[in-house]
file model_4.txt (compact mmCIF, C-alpha atoms and all ligand atoms)
# COMPACT_ATOMS: atom_id res chain seq x y z
CA MET A 1 -65.19 18.35 -39.57
CA LYS A 2 -68.62 18.86 -41.14
CA VAL A 3 -70.86 16.12 -42.59
CA LYS A 4 -70.11 17.05 -46.21
CA GLU A 5 -66.34 17.20 -45.61
CA ALA A 6 -66.40 13.87 -43.81
CA LEU A 7 -68.25 12.26 -46.71
CA THR A 8 -65.89 13.73 -49.32
CA TRP A 9 -62.87 12.53 -47.31
CA ALA A 10 -64.33 9.01 -46.93
CA ILE A 11 -65.25 8.69 -50.61
CA ARG A 12 -61.68 9.61 -51.56
CA GLN A 13 -60.22 7.07 -49.10
CA LEU A 14 -62.49 4.26 -50.29
CA ASP A 15 -61.85 5.11 -53.91
CA LEU A 16 -58.09 4.83 -53.34
CA ASP A 17 -58.62 1.20 -52.36
CA PHE A 18 -60.88 0.46 -55.34
CA ILE A 19 -63.95 -0.12 -53.16
CA ALA A 20 -66.70 -0.70 -55.73
CA LYS A 21 -69.32 1.78 -54.49
CA PRO A 22 -67.44 4.42 -52.48
CA LYS A 23 -70.30 6.95 -52.37
CA ILE A 24 -72.92 4.54 -51.08
CA ASP A 25 -70.50 2.93 -48.62
CA ALA A 26 -69.40 6.32 -47.25
CA LEU A 27 -73.01 7.45 -46.84
CA LEU A 28 -74.10 4.24 -45.10
CA LEU A 29 -71.06 4.21 -42.81
CA LEU A 30 -71.68 7.82 -41.76
CA SER A 31 -75.39 7.19 -41.30
CA HIS A 32 -74.52 4.15 -39.13
CA THR A 33 -71.93 6.07 -37.09
CA LEU A 34 -74.26 8.98 -36.36
CA GLY A 35 -77.37 6.81 -35.90
CA LYS A 36 -79.21 8.94 -38.47
CA LYS A 37 -81.08 8.03 -41.65
CA LYS A 38 -79.35 8.53 -45.04
CA GLU A 39 -81.82 11.30 -45.84
CA TRP A 40 -80.74 13.20 -42.71
CA ILE A 41 -77.10 13.02 -43.81
CA SER A 42 -77.93 14.41 -47.25
CA ALA A 43 -80.08 17.17 -45.75
CA HIS A 44 -77.48 18.33 -43.17
CA PRO A 45 -74.16 18.87 -45.03
CA GLY A 46 -73.10 21.66 -42.69
CA GLU A 47 -73.65 19.80 -39.39
CA SER A 48 -70.44 19.36 -37.36
CA LEU A 49 -69.28 15.92 -36.23
CA SER A 50 -68.17 15.55 -32.61
CA GLN A 51 -64.58 14.35 -32.05
CA GLU A 52 -65.96 11.02 -30.88
CA ALA A 53 -68.22 10.57 -33.93
CA LEU A 54 -65.37 11.52 -36.27
CA LYS A 55 -63.08 8.93 -34.68
CA SER A 56 -65.73 6.19 -34.96
CA PHE A 57 -66.38 7.15 -38.59
CA LYS A 58 -62.67 7.07 -39.44
CA ASP A 59 -62.37 3.64 -37.76
CA ALA A 60 -65.32 2.33 -39.82
CA VAL A 61 -63.84 3.69 -43.06
CA GLU A 62 -60.49 2.09 -42.20
CA LYS A 63 -62.16 -1.30 -41.67
CA ARG A 64 -63.89 -0.97 -45.05
CA ARG A 65 -60.59 0.03 -46.71
CA ASN A 66 -59.07 -3.14 -45.27
CA GLY A 67 -61.69 -5.24 -47.04
CA LYS A 68 -64.21 -5.82 -44.24
CA PRO A 69 -67.61 -6.22 -45.93
CA LEU A 70 -69.86 -3.18 -45.51
CA HIS A 71 -72.69 -5.12 -43.88
CA TYR A 72 -70.42 -6.71 -41.26
CA ILE A 73 -69.43 -3.17 -40.23
CA LEU A 74 -73.07 -2.06 -40.21
CA GLY A 75 -74.02 -5.29 -38.39
CA CYS A 76 -77.13 -5.84 -40.47
CA LYS A 77 -78.54 -6.44 -43.95
CA GLU A 78 -82.05 -5.91 -45.25
CA PHE A 79 -83.61 -8.95 -46.91
CA MET A 80 -87.25 -9.27 -48.07
CA GLY A 81 -88.04 -6.01 -46.26
CA LEU A 82 -86.73 -7.39 -42.94
CA LYS A 83 -83.64 -6.43 -40.96
CA PHE A 84 -81.23 -9.32 -40.41
CA GLU A 85 -78.28 -9.07 -38.05
CA VAL A 86 -75.11 -10.37 -39.69
CA ASN A 87 -71.56 -11.02 -38.53
CA GLU A 88 -68.48 -12.93 -39.71
CA SER A 89 -70.19 -16.27 -38.95
CA VAL A 90 -72.77 -15.92 -41.71
CA LEU A 91 -73.00 -15.17 -45.41
CA ILE A 92 -74.45 -11.72 -46.10
CA PRO A 93 -77.80 -12.50 -47.77
CA ARG A 94 -77.75 -11.70 -51.50
CA PHE A 95 -80.42 -9.85 -53.42
CA GLU A 96 -80.63 -12.67 -56.01
CA THR A 97 -81.93 -14.97 -53.27
CA GLU A 98 -84.85 -12.59 -52.78
CA ASP A 99 -86.13 -13.65 -56.22
CA LEU A 100 -86.39 -17.26 -55.05
CA VAL A 101 -88.03 -16.34 -51.74
CA GLY A 102 -90.47 -14.02 -53.57
CA TYR A 103 -91.40 -16.88 -55.91
CA LEU A 104 -92.04 -19.23 -52.96
CA ILE A 105 -94.12 -16.66 -51.07
CA GLU A 106 -96.39 -16.25 -54.06
CA ARG A 107 -96.68 -19.96 -54.76
CA TYR A 108 -97.19 -21.25 -51.22
CA ALA A 109 -99.56 -18.69 -49.74
CA ARG A 110 -102.70 -20.82 -50.19
CA ARG A 111 -102.41 -23.12 -47.17
CA ALA A 112 -100.12 -24.26 -44.37
CA TYR A 113 -96.89 -25.81 -45.65
CA THR A 114 -93.83 -27.04 -43.80
CA PHE A 115 -90.52 -25.93 -45.29
CA ALA A 116 -86.95 -27.01 -44.63
CA ASP A 117 -84.31 -24.29 -45.18
CA ILE A 118 -81.04 -26.17 -45.59
CA GLY A 119 -77.86 -24.16 -44.87
CA THR A 120 -79.83 -21.36 -43.29
CA GLY A 121 -76.87 -19.04 -42.47
CA SER A 122 -78.36 -15.83 -41.04
CA GLY A 123 -81.82 -17.41 -41.38
CA ALA A 124 -82.58 -15.16 -44.35
CA ILE A 125 -84.68 -17.67 -46.32
CA GLY A 126 -86.39 -19.52 -43.48
CA VAL A 127 -87.16 -16.46 -41.36
CA SER A 128 -88.49 -14.53 -44.38
CA LEU A 129 -90.76 -17.44 -45.32
CA ALA A 130 -92.05 -17.66 -41.75
CA TYR A 131 -92.74 -13.91 -41.70
CA HIS A 132 -94.40 -13.62 -45.12
CA LEU A 133 -96.27 -16.97 -44.94
CA PRO A 134 -97.92 -16.81 -41.51
CA LEU A 135 -99.49 -20.28 -41.86
CA SER A 136 -96.13 -21.95 -42.48
CA HIS A 137 -93.78 -23.89 -40.25
CA ILE A 138 -90.06 -24.05 -40.90
CA TYR A 139 -87.17 -26.32 -40.02
CA ALA A 140 -83.76 -24.76 -40.66
CA THR A 141 -80.41 -26.54 -40.54
CA ASP A 142 -76.80 -25.48 -40.72
CA ILE A 143 -73.47 -27.21 -40.15
CA SER A 144 -72.23 -24.12 -38.27
CA GLU A 145 -73.33 -23.58 -34.67
CA GLU A 146 -72.12 -19.94 -34.89
CA ALA A 147 -74.45 -19.35 -37.85
CA LEU A 148 -77.36 -20.90 -35.96
CA VAL A 149 -76.79 -18.49 -33.06
CA VAL A 150 -77.25 -15.58 -35.51
CA ALA A 151 -80.25 -17.21 -37.22
CA ARG A 152 -82.04 -17.89 -33.90
CA LYS A 153 -81.51 -14.26 -32.90
CA ASN A 154 -82.95 -13.03 -36.20
CA ALA A 155 -86.00 -15.28 -35.86
CA LYS A 156 -86.62 -13.86 -32.37
CA ASN A 157 -86.07 -10.22 -33.39
CA ILE A 158 -88.44 -10.64 -36.34
CA GLY A 159 -91.00 -12.37 -34.13
CA VAL A 160 -91.26 -15.76 -35.88
CA ASP A 161 -89.26 -17.94 -33.47
CA GLU A 162 -92.34 -19.96 -32.47
CA ARG A 163 -92.76 -21.28 -36.03
CA ILE A 164 -89.15 -22.04 -36.86
CA LYS A 165 -86.92 -24.72 -35.40
CA PHE A 166 -83.15 -24.63 -35.89
CA LEU A 167 -81.07 -27.80 -35.96
CA LYS A 168 -77.33 -28.32 -36.34
CA GLY A 169 -75.96 -30.93 -38.74
CA ASP A 170 -75.22 -32.05 -42.26
CA LEU A 171 -77.94 -30.96 -44.70
CA LEU A 172 -81.11 -33.10 -44.16
CA GLU A 173 -79.53 -35.40 -41.55
CA PRO A 174 -80.82 -33.48 -38.48
CA LEU A 175 -84.37 -33.74 -39.90
CA LYS A 176 -84.49 -37.57 -39.96
CA ASP A 177 -87.17 -37.75 -37.28
CA VAL A 178 -89.48 -35.16 -38.85
CA ILE A 179 -88.81 -35.85 -42.52
CA ASP A 180 -92.42 -36.96 -43.19
CA ARG A 181 -93.69 -33.52 -42.17
CA ILE A 182 -91.62 -31.63 -44.75
CA ASP A 183 -93.43 -30.48 -47.88
CA VAL A 184 -90.74 -28.38 -49.53
CA VAL A 185 -86.95 -28.14 -49.19
CA ILE A 186 -85.14 -24.89 -50.04
CA ALA A 187 -81.38 -24.63 -50.17
CA ASN A 188 -78.87 -21.95 -50.96
CA LEU A 189 -75.72 -23.94 -50.28
CA PRO A 190 -72.04 -23.29 -51.09
CA TYR A 191 -71.28 -23.52 -54.80
CA VAL A 192 -67.95 -21.77 -55.41
CA LYS A 193 -65.32 -23.98 -57.10
CA VAL A 194 -62.03 -24.35 -55.22
CA GLU A 195 -60.12 -23.03 -58.27
CA ASP A 196 -62.32 -19.87 -58.41
CA TYR A 197 -62.03 -19.04 -54.70
CA GLU A 198 -58.82 -16.97 -54.92
CA GLU A 199 -60.36 -14.88 -57.70
CA LEU A 200 -63.23 -13.72 -55.49
CA PRO A 201 -63.12 -10.08 -54.33
CA LEU A 202 -61.33 -9.56 -51.00
CA ASP A 203 -64.52 -8.70 -49.12
CA VAL A 204 -66.31 -11.85 -50.35
CA ARG A 205 -63.35 -13.91 -49.07
CA ARG A 206 -63.98 -12.40 -45.62
CA GLU A 207 -67.30 -14.32 -45.50
CA PRO A 208 -67.12 -17.86 -44.04
CA GLU A 209 -65.33 -20.29 -46.37
CA GLN A 210 -67.83 -22.91 -45.29
CA ALA A 211 -70.63 -20.78 -46.74
CA LEU A 212 -68.95 -20.41 -50.13
CA LEU A 213 -66.74 -23.32 -51.12
CA SER A 214 -67.86 -26.63 -52.51
CA SER A 215 -65.91 -29.62 -53.83
CA GLU A 216 -66.41 -31.34 -57.20
CA ARG A 217 -66.31 -28.19 -59.35
CA GLY A 218 -68.79 -26.46 -57.06
CA ILE A 219 -71.55 -29.05 -57.02
CA GLY A 220 -70.31 -31.44 -54.30
CA VAL A 221 -72.61 -30.16 -51.54
CA TYR A 222 -75.65 -30.20 -53.83
CA LYS A 223 -74.82 -33.76 -54.93
CA THR A 224 -74.88 -34.84 -51.28
CA LEU A 225 -78.20 -33.02 -50.76
CA LEU A 226 -79.71 -34.78 -53.79
CA LEU A 227 -78.53 -38.16 -52.54
CA GLN A 228 -80.05 -37.43 -49.12
CA MET A 229 -83.32 -36.34 -50.81
CA LYS A 230 -83.44 -39.69 -52.59
CA THR A 231 -82.72 -41.59 -49.35
CA TYR A 232 -85.37 -39.70 -47.37
CA GLY A 233 -88.01 -39.56 -50.10
CA ILE A 234 -88.12 -35.77 -50.44
CA SER A 235 -90.02 -34.96 -53.61
CA THR A 236 -89.85 -31.14 -53.91
CA ALA A 237 -86.79 -28.93 -53.54
CA TYR A 238 -85.73 -25.49 -54.73
CA ILE A 239 -82.03 -24.70 -54.97
CA GLU A 240 -79.93 -21.68 -55.87
CA CYS A 241 -76.74 -22.24 -57.88
CA THR A 242 -74.68 -20.52 -60.57
CA PRO A 243 -75.89 -20.55 -64.17
CA ALA A 244 -72.59 -22.28 -65.08
CA GLU A 245 -73.35 -25.28 -62.85
CA ILE A 246 -76.85 -25.99 -64.12
CA GLY A 247 -75.67 -28.37 -66.88
CA GLU A 248 -73.61 -30.67 -64.67
CA LEU A 249 -76.22 -30.63 -61.91
CA THR A 250 -78.95 -31.51 -64.40
CA ALA A 251 -77.09 -34.66 -65.45
CA PHE A 252 -76.79 -35.75 -61.81
CA ILE A 253 -80.45 -34.95 -61.10
CA PHE A 254 -81.52 -37.12 -64.05
CA SER A 255 -79.23 -39.95 -62.95
CA LEU A 256 -81.18 -40.08 -59.66
CA GLY A 257 -84.51 -40.16 -61.48
CA PHE A 258 -85.72 -36.68 -60.42
CA GLY A 259 -87.35 -34.27 -62.83
CA HIS A 260 -86.37 -30.60 -62.77
CA ARG A 261 -87.15 -27.13 -64.08
CA VAL A 262 -84.93 -24.05 -64.22
CA ILE A 263 -86.22 -20.70 -62.89
CA LYS A 264 -84.56 -17.47 -63.99
CA ASP A 265 -83.71 -14.64 -61.61
CA SER A 266 -85.00 -11.11 -62.17
CA GLY A 267 -81.87 -10.35 -64.23
CA GLY A 268 -82.74 -13.19 -66.64
CA ALA A 269 -79.98 -15.57 -65.45
CA GLU A 270 -80.71 -19.28 -64.92
CA ARG A 271 -80.07 -19.35 -61.17
CA PHE A 272 -82.68 -21.54 -59.48
CA MET A 273 -83.89 -25.09 -59.98
CA VAL A 274 -87.01 -26.89 -58.86
CA ILE A 275 -86.13 -30.52 -58.33
CA GLY A 276 -88.83 -33.18 -58.30
CA VAL A 277 -92.50 -32.27 -58.42
CA GLU A 278 -93.65 -28.73 -57.75
CA ILE A 279 -96.65 -28.72 -55.41
C1 LIG B 301 -74.25 -19.80 -49.27
S1 LIG B 301 -74.55 -19.81 -47.53
C2 LIG B 301 -76.28 -19.39 -47.58
C3 LIG B 301 -76.87 -18.88 -46.32
C4 LIG B 301 -78.35 -18.53 -46.44
N1 LIG B 301 -79.13 -19.69 -46.84
C5 LIG B 301 -78.57 -17.40 -47.42
O1 LIG B 301 -79.15 -17.64 -48.50
O2 LIG B 301 -78.17 -16.27 -47.13
C6 LIG B 301 -74.52 -21.53 -47.21
C7 LIG B 301 -74.77 -21.98 -45.78
O3 LIG B 301 -74.75 -23.41 -45.80
C8 LIG B 301 -74.08 -23.88 -44.64
N2 LIG B 301 -73.56 -25.23 -44.94
C9 LIG B 301 -72.46 -25.57 -45.66
N3 LIG B 301 -72.35 -26.91 -45.72
C10 LIG B 301 -73.39 -27.42 -45.04
C11 LIG B 301 -73.82 -28.75 -44.74
N4 LIG B 301 -73.15 -29.81 -45.18
N5 LIG B 301 -74.95 -28.91 -44.00
C12 LIG B 301 -75.64 -27.83 -43.54
N6 LIG B 301 -75.28 -26.56 -43.80
C13 LIG B 301 -74.18 -26.35 -44.53
C14 LIG B 301 -73.01 -22.84 -44.37
O4 LIG B 301 -72.59 -22.89 -43.02
C15 LIG B 301 -73.76 -21.55 -44.76
O5 LIG B 301 -74.40 -20.99 -43.64
call {"tool": "encode", "arguments": {"input": "model_4.txt", "output": "C-alpha cells", "more": "lines below"}}
Ligand SMILES: C[S@@+](CC[C@H](N)C(=O)[O-])C[C@H]1O[C@@H](n2cnc3c(N)ncnc32)[C@H](O)[C@@H]1O
result
Amino acid sequence: MKVKEALTWAIRQLDLDFIAKPKIDALLLLSHTLGKKKEWISAHPGESLSQEALKSFKDAVEKRRNGKPLHYILGCKEFMGLKFEVNESVLIPRFETEDLVGYLIERYARRAYTFADIGTGSGAIGVSLAYHLPLSHIYATDISEEALVVARKNAKNIGVDERIKFLKGDLLEPLKDVIDRIDVVIANLPYVKVEDYEELPLDVRREPEQALLSSERGIGVYKTLLLQMKTYGISTAYIECTPAEIGELTAFIFSLGFGHRVIKDSGGAERFMVIGVEI
C-alpha cells in the first residue's frame, strides 16, 4: 500500500468511529509509524509502505478507533514548545493551560522566584516554567507516584531536573518543610463533577480518573488546596478551573478572607484565578 492509500484508508476507518479529527489523527499516526515528519508524508504520496510499517500503522489506527487518546499512542505531547512524554498515568497537557503558563512566564521573568506546581501530572507546568524562567526553582507535587515517574523523566529530558524537585503527597502537604521558600503556587487540579464524568468523550475517560474527577460539584480538591493555603500562609496562587465553577469557588475564597481576580484564556473564557496577592 502507498502512503496516500494508507492515509485514505485510515481516515475512513477513524471517521466510521466518529473520531473528531480523522485527517489530523491519520497523518500524525502515519508520521509516527514511519518516523517521518508530517511534511514528508504530504510530499511523498506515492511512497510504498513496507509490510511491517503497514502492520504497525494498522495497529495504531485500531487503538485510536478503540478510543485510545492520540497522544498516548504517539507517546508524547508538545506543550510550550517542549516535547513531553505522556502515558496512561498522566493527563495529556491541554492547550488552555499554555495560556496560564505564558502569563506566568511574562510576569515572573524579572528575578528568581520559587514556584510550587501542585498536581504536576506530566510536569507540563513546572517543567515549562523551569525551562522558560532560567532563574526559577520549582517544587512539584502529585498524589500519583506513576505520574511523578513521568514528570521526573520529562524534567531530565528537557534538561531542567537540577532546578525542580518532585514530591509525592496530598497537595501542599509534602512541602511543609520548605513552605517559607515558596513565592507562588500554581495548580491545575481535577475539576470534573462526578455527574458529568460519564458524559465525557471516550478518549478523555481513558485519562486517569484521579486527574479529572473532583467531589463537591467539582470544587472539592480546590477547597482542600485553599484550606491548606490558609494553614500554611501561602499568599499567591494561580489555579485553572472551568468557567462554570468560578462563582462557587469565589464564595469559598471570600469566606477564607483571600482576595481574587479572574484571568481569561485566549478564547475569552474565564478559566484562571489569581488567589491572594499577585506579586
Ligand atoms: C488535571 S491533572 C493536571 C496535570 C498537569 N498539572 C497539567 O496541567 O497537565 C491533575 C493532577 O493532579 C493530581 N492530583 C489529584 N489529586 C491530588 C492531590 N490531592 N494532591 C496532589 N496531586 C493530586 C493528579 O494525579 C493529576 O496528575
call {"tool": "closest_atom_pairs", "arguments": {"input": "model_4.txt", "of": "chain A", "to": "ligand LIG 301 (chain B)", "cutoff": "7 Å", "atoms": "all atoms listed in the file", "output": "tab-separated table"}}
result
residue	atom	partner	partner_atom	distance
A:Val90	CA	B:LIG301	O5	5.7
A:Leu91	CA	B:LIG301	S1	5.3
A:Ile92	CA	B:LIG301	O2	6.0
A:Pro93	CA	B:LIG301	O2	3.8
A:Arg94	CA	B:LIG301	O2	6.3
A:Thr97	CA	B:LIG301	O1	6.1
A:Ile118	CA	B:LIG301	C12	6.0
A:Gly119	CA	B:LIG301	O3	3.3
A:Thr120	CA	B:LIG301	N1	4.0
A:Gly121	CA	B:LIG301	O5	3.4
A:Ser122	CA	B:LIG301	C4	6.0
A:Gly123	CA	B:LIG301	C4	6.2
A:Ala124	CA	B:LIG301	O2	5.3
A:Ile125	CA	B:LIG301	N1	5.9
A:Thr141	CA	B:LIG301	C12	5.8
A:Asp142	CA	B:LIG301	N6	3.6
A:Ile143	CA	B:LIG301	C12	4.1
A:Ser144	CA	B:LIG301	O4	4.9
A:Ala147	CA	B:LIG301	O5	6.0
A:Gly169	CA	B:LIG301	C12	5.7
A:Asp170	CA	B:LIG301	N5	3.6
A:Leu171	CA	B:LIG301	N5	3.7
A:Ala187	CA	B:LIG301	N1	6.4
A:Asn188	CA	B:LIG301	N1	4.7
A:Leu189	CA	B:LIG301	C6	4.1
A:Pro190	CA	B:LIG301	C1	4.5
A:Gln210	CA	B:LIG301	C14	5.3
A:Ala211	CA	B:LIG301	C15	3.8
A:Leu212	CA	B:LIG301	C1	5.4
A:Val221	CA	B:LIG301	N4	6.4
call {"tool": "residues_around", "arguments": {"input": "model_4.txt", "residues": "A:Thr33", "least_positions_apart": "6", "cutoff": "10 Å", "atoms": "all atoms listed in the file", "output": "PyMOL selection string"}}
result
chain A and resi 27+52-60+74
call {"tool": "residues_around", "arguments": {"input": "model_4.txt", "residues": "stretch 244-253 of chain A", "least_positions_apart": "6", "cutoff": "8 Å", "atoms": "only C-alpha atoms", "output": "ChimeraX atom specification"}}
result
/A:218-219,223,226,259-260,270-271,275
call {"tool": "atom_distance", "arguments": {"input": "model_4.txt", "atom1": "atom CA of A:Leu225", "atom2": "atom CA of A:Glu278"}}
result
17.5 Å
call {"tool": "closest_residue", "arguments": {"input": "model_4.txt", "among": "A:Arg181, A:His132, A:Lys176, A:Lys2", "to": "A:Gly81", "atoms": "only C-alpha atoms"}}
result
A:His132
call {"tool": "residues_around", "arguments": {"input": "model_4.txt", "residues": "A:Ser48", "least_positions_apart": "2", "cutoff": "9 Å", "atoms": "only C-alpha atoms", "output": "list of chain:residue names"}}
result
A:Met1, A:Lys2, A:Val3, A:Pro45, A:Gly46, A:Ser50
call {"tool": "closest_residue", "arguments": {"input": "model_4.txt", "among": "A:Ile182, A:Leu256, A:Ala10, A:Ile263", "to": "A:Asp99", "atoms": "all atoms listed in the file"}}
result
A:Ile263
call {"tool": "closest_residue", "arguments": {"input": "model_4.txt", "among": "A:Glu162, A:Arg206, A:Phe95, A:Leu135", "to": "A:Leu70", "atoms": "only C-alpha atoms"}}
result
A:Arg206
call {"tool": "atom_distance", "arguments": {"input": "model_4.txt", "atom1": "atom CA of A:Ile186", "atom2": "atom CA of A:Ala116"}}
result
6.1 Å
call {"tool": "residues_near_point", "arguments": {"input": "model_4.txt", "point": "(-99.4, -27.8, -51.9)", "cutoff": "10 Å", "atoms": "only C-alpha atoms", "output": "JSON, numbers by chain"}}
result
{"A": [107, 108, 109, 110, 111, 112, 113, 114, 183, 184, 278, 279]}
call {"tool": "closest_residue", "arguments": {"input": "model_4.txt", "among": "A:Asp180, A:Asp265, A:Glu47, A:Asp196", "to": "A:Met229", "atoms": "all atoms listed in the file"}}
result
A:Asp180
call {"tool": "residues_around", "arguments": {"input": "model_4.txt", "residues": "A:Arg217", "least_positions_apart": "3", "cutoff": "10 Å", "atoms": "all atoms listed in the file", "output": "VMD selection string"}}
result
chain A and resid 191 to 196 213 to 214 220 245 248
call {"tool": "closest_residue", "arguments": {"input": "model_4.txt", "among": "A:Pro201, A:Gly276, A:Gly159, A:Gly35", "to": "A:Pro69", "atoms": "all atoms listed in the file"}}
result
A:Pro201
call {"tool": "closest_residue", "arguments": {"input": "model_4.txt", "among": "A:Thr224, A:Thr231, A:Gln13, A:Asn157", "to": "A:Asn66", "atoms": "only C-alpha atoms"}}
result
A:Gln13
